[in-house]
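Scroll down for the structure; my scribbles are underneath it.
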Amino acid sequence: MRTAVQITIYLNESDKWSQILQMLRAENVAGASAFHAVGGFNGRNRVHTSSLVDAGGDLPVVIVFVDFEEHVSRVLPRLFELAPHRLMVRENVVVEQGNLD
């Protein structure tokens, strides 16, 4: 078991989620996933659902990645640039199985 950091970023479809994934890959982060939601909301805005597809890029996208502290600290400033004013949650986690190296 080893301690790591998990970052969760809450975005919208219209945000640069694909560019964020590419940047994380280029920075050699252990792994990341983007999840496309069928509904949700950011902040205190209205709920957007897949039935409102014509609303134009407002459906939620969540990116989650886990890596060691030194890697996370290195990419955080770039994440702040790519997703300004978006909610980012940092959690210390224990890797029970698998390898981040």
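Letters A, B, ... mark the chains of the structure tokens in the order given; residue numbers begin at 1 per chain; ligand numbers begin at 1, in order shown.
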
Test item, strand (DSSP E) assignment across chain A, answer as a ChimeraX atom specification: /A:2-12,32-36,39-40,48-49,60-67,88-95

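With only C-alpha atoms as the basis for measurement, A:Asn28 is the residue among A:Ser33, A:Asn28, A:Asn12, A:Gln19 that approaches Leu100 in chain A most closely.
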
Near-Ile9 in chain A list (8 Å; only C-alpha atoms; drop same-chain fewer than 2 positions) as a list of chain:residue names: A:Ile7, A:Leu11, A:Val62, A:Ile63, A:Val64, A:Arg86, A:Leu87, A:Met88, A:Val89

Test item, helix (DSSP H, G or I) assignment across range 11-101 of chain A, answer as a ChimeraX atom specification: /A:17-26,50-55,69-82

Atoms kept (N, CA and C atoms) for selection, written as a PDB file, in the first residue's frame:
ATOM      1  N   TRP A  17     -11.900  19.659 -21.629  1.00  0.00           N
ATOM      2  CA  TRP A  17     -11.647  18.384 -20.969  1.00  0.00           C
ATOM      3  C   TRP A  17     -10.715  17.484 -21.777  1.00  0.00           C
ATOM      4  N   SER A  18     -10.849  17.481 -23.089  1.00  0.00           N
ATOM      5  CA  SER A  18      -9.964  16.651 -23.910  1.00  0.00           C
ATOM      6  C   SER A  18      -8.529  17.165 -23.855  1.00  0.00           C
ATOM      7  N   GLN A  19      -8.375  18.470 -23.887  1.00  0.00           N
ATOM      8  CA  GLN A  19      -7.046  19.081 -23.784  1.00  0.00           C
ATOM      9  C   GLN A  19      -6.419  18.774 -22.418  1.00  0.00           C
ATOM     10  N   ILE A  20      -7.233  18.751 -21.377  1.00  0.00           N
ATOM     11  CA  ILE A  20      -6.734  18.412 -20.045  1.00  0.00           C
ATOM     12  C   ILE A  20      -6.220  16.973 -20.026  1.00  0.00           C
ATOM     13  N   LEU A  21      -6.986  16.044 -20.605  1.00  0.00           N
ATOM     14  CA  LEU A  21      -6.526  14.652 -20.665  1.00  0.00           C
ATOM     15  C   LEU A  21      -5.212  14.534 -21.426  1.00  0.00           C
ATOM     16  N   GLN A  22      -5.102  15.224 -22.555  1.00  0.00           N
ATOM     17  CA  GLN A  22      -3.873  15.182 -23.343  1.00  0.00           C
ATOM     18  C   GLN A  22      -2.691  15.741 -22.553  1.00  0.00           C
ATOM     19  N   MET A  23      -2.916  16.826 -21.823  1.00  0.00           N
ATOM     20  CA  MET A  23      -1.856  17.423 -21.012  1.00  0.00           C
ATOM     21  C   MET A  23      -1.411  16.462 -19.903  1.00  0.00           C
ATOM     22  N   LEU A  24      -2.370  15.811 -19.238  1.00  0.00           N
ATOM     23  CA  LEU A  24      -2.027  14.860 -18.181  1.00  0.00           C
ATOM     24  C   LEU A  24      -1.205  13.705 -18.753  1.00  0.00           C
ATOM     25  N   ARG A  25      -1.567  13.248 -19.934  1.00  0.00           N
ATOM     26  CA  ARG A  25      -0.801  12.171 -20.585  1.00  0.00           C
ATOM     27  C   ARG A  25       0.606  12.638 -20.924  1.00  0.00           C
ATOM     28  N   ALA A  26       0.702  13.846 -21.486  1.00  0.00           N
ATOM     29  CA  ALA A  26       2.014  14.394 -21.858  1.00  0.00           C
ATOM     30  C   ALA A  26       2.900  14.602 -20.639  1.00  0.00           C
ATOM     31  N   SER A  50     -29.389  15.055 -20.366  1.00  0.00           N
ATOM     32  CA  SER A  50     -29.162  14.660 -21.753  1.00  0.00           C
ATOM     33  C   SER A  50     -30.339  14.999 -22.646  1.00  0.00           C
ATOM     34  N   SER A  51     -31.508  15.260 -22.081  1.00  0.00           N
ATOM     35  CA  SER A  51     -32.640  15.681 -22.900  1.00  0.00           C
ATOM     36  C   SER A  51     -32.500  17.133 -23.344  1.00  0.00           C
ATOM     37  N   LEU A  52     -31.533  17.838 -22.774  1.00  0.00           N
ATOM     38  CA  LEU A  52     -31.281  19.232 -23.143  1.00  0.00           C
ATOM     39  C   LEU A  52     -30.016  19.363 -23.985  1.00  0.00           C
ATOM     40  N   VAL A  53     -29.742  18.354 -24.829  1.00  0.00           N
ATOM     41  CA  VAL A  53     -28.513  18.343 -25.614  1.00  0.00           C
ATOM     42  C   VAL A  53     -28.378  19.613 -26.442  1.00  0.00           C
ATOM     43  N   ASP A  54     -29.491  20.131 -26.911  1.00  0.00           N
ATOM     44  CA  ASP A  54     -29.424  21.352 -27.714  1.00  0.00           C
ATOM     45  C   ASP A  54     -29.040  22.574 -26.897  1.00  0.00           C
ATOM     46  N   ALA A  55     -28.861  22.419 -25.574  1.00  0.00           N
ATOM     47  CA  ALA A  55     -28.447  23.537 -24.730  1.00  0.00           C
ATOM     48  C   ALA A  55     -27.013  23.961 -25.022  1.00  0.00           C
ATOM     49  N   GLU A  69       2.234  12.575  -5.032  1.00  0.00           N
ATOM     50  CA  GLU A  69       2.237  14.002  -4.712  1.00  0.00           C
ATOM     51  C   GLU A  69       3.101  14.820  -5.658  1.00  0.00           C
ATOM     52  N   GLU A  70       4.306  14.347  -5.962  1.00  0.00           N
ATOM     53  CA  GLU A  70       5.221  15.142  -6.799  1.00  0.00           C
ATOM     54  C   GLU A  70       4.666  15.354  -8.210  1.00  0.00           C
ATOM     55  N   HIS A  71       3.967  14.363  -8.746  1.00  0.00           N
ATOM     56  CA  HIS A  71       3.372  14.520 -10.076  1.00  0.00           C
ATOM     57  C   HIS A  71       2.170  15.456 -10.038  1.00  0.00           C
ATOM     58  N   VAL A  72       1.340  15.302  -9.031  1.00  0.00           N
ATOM     59  CA  VAL A  72       0.151  16.145  -8.899  1.00  0.00           C
ATOM     60  C   VAL A  72       0.559  17.604  -8.722  1.00  0.00           C
ATOM     61  N   SER A  73       1.519  17.862  -7.867  1.00  0.00           N
ATOM     62  CA  SER A  73       1.978  19.242  -7.635  1.00  0.00           C
ATOM     63  C   SER A  73       2.526  19.876  -8.905  1.00  0.00           C
ATOM     64  N   ARG A  74       3.130  19.073  -9.749  1.00  0.00           N
ATOM     65  CA  ARG A  74       3.697  19.592 -10.988  1.00  0.00           C
ATOM     66  C   ARG A  74       2.616  20.000 -11.991  1.00  0.00           C
ATOM     67  N   VAL A  75       1.491  19.262 -12.060  1.00  0.00           N
ATOM     68  CA  VAL A  75       0.471  19.551 -13.069  1.00  0.00           C
ATOM     69  C   VAL A  75      -0.625  20.497 -12.584  1.00  0.00           C
ATOM     70  N   LEU A  76      -0.773  20.692 -11.288  1.00  0.00           N
ATOM     71  CA  LEU A  76      -1.850  21.548 -10.786  1.00  0.00           C
ATOM     72  C   LEU A  76      -1.842  22.964 -11.371  1.00  0.00           C
ATOM     73  N   PRO A  77      -0.701  23.650 -11.462  1.00  0.00           N
ATOM     74  CA  PRO A  77      -0.741  25.004 -12.036  1.00  0.00           C
ATOM     75  C   PRO A  77      -1.300  25.020 -13.464  1.00  0.00           C
ATOM     76  N   ARG A  78      -0.972  24.027 -14.255  1.00  0.00           N
ATOM     77  CA  ARG A  78      -1.488  23.950 -15.629  1.00  0.00           C
ATOM     78  C   ARG A  78      -2.991  23.667 -15.622  1.00  0.00           C
ATOM     79  N   LEU A  79      -3.448  22.827 -14.683  1.00  0.00           N
ATOM     80  CA  LEU A  79      -4.882  22.567 -14.567  1.00  0.00           C
ATOM     81  C   LEU A  79      -5.649  23.833 -14.216  1.00  0.00           C
ATOM     82  N   PHE A  80      -5.083  24.639 -13.330  1.00  0.00           N
ATOM     83  CA  PHE A  80      -5.730  25.905 -12.964  1.00  0.00           C
ATOM     84  C   PHE A  80      -5.864  26.817 -14.181  1.00  0.00           C
ATOM     85  N   GLU A  81      -4.899  26.775 -15.085  1.00  0.00           N
ATOM     86  CA  GLU A  81      -4.965  27.573 -16.316  1.00  0.00           C
ATOM     87  C   GLU A  81      -6.017  27.033 -17.285  1.00  0.00           C
ATOM     88  N   LEU A  82      -6.074  25.708 -17.425  1.00  0.00           N
ATOM     89  CA  LEU A  82      -6.982  25.100 -18.397  1.00  0.00           C
ATOM     90  C   LEU A  82      -8.436  25.083 -17.927  1.00  0.00           C
TER      91      LEU A  82
END

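Closest approach to Val38 in chain A among A:Asp58, A:Lys16, A:Val93, A:Met1 is made by A:Asp58 (distances from only C-alpha atoms).
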
Atom pair CA of Phe41 in chain A / CA of Pro84 in chain A: separation (Å):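 A separation of 16.8 Å between them.
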
Atom-to-atom span, CA of Arg2 in chain A and CA of Asn92 in chain A, Å: 10.5 Å

Option closest in space to Tyr10 in chain A, from A:Val61, A:Val47, A:Ala30, A:Ala37 [counting only C-alpha atoms]: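 Under the stated criterion, the closest residue is A:Val61.
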
Of the listed residues A:Phe65, A:Glu27, A:Asp15, A:Arg46, that which approaches Ala83 in chain A most closely, counting only C-alpha atoms: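 Answer, going by the shortest atom-to-atom distance: A:Asp15.
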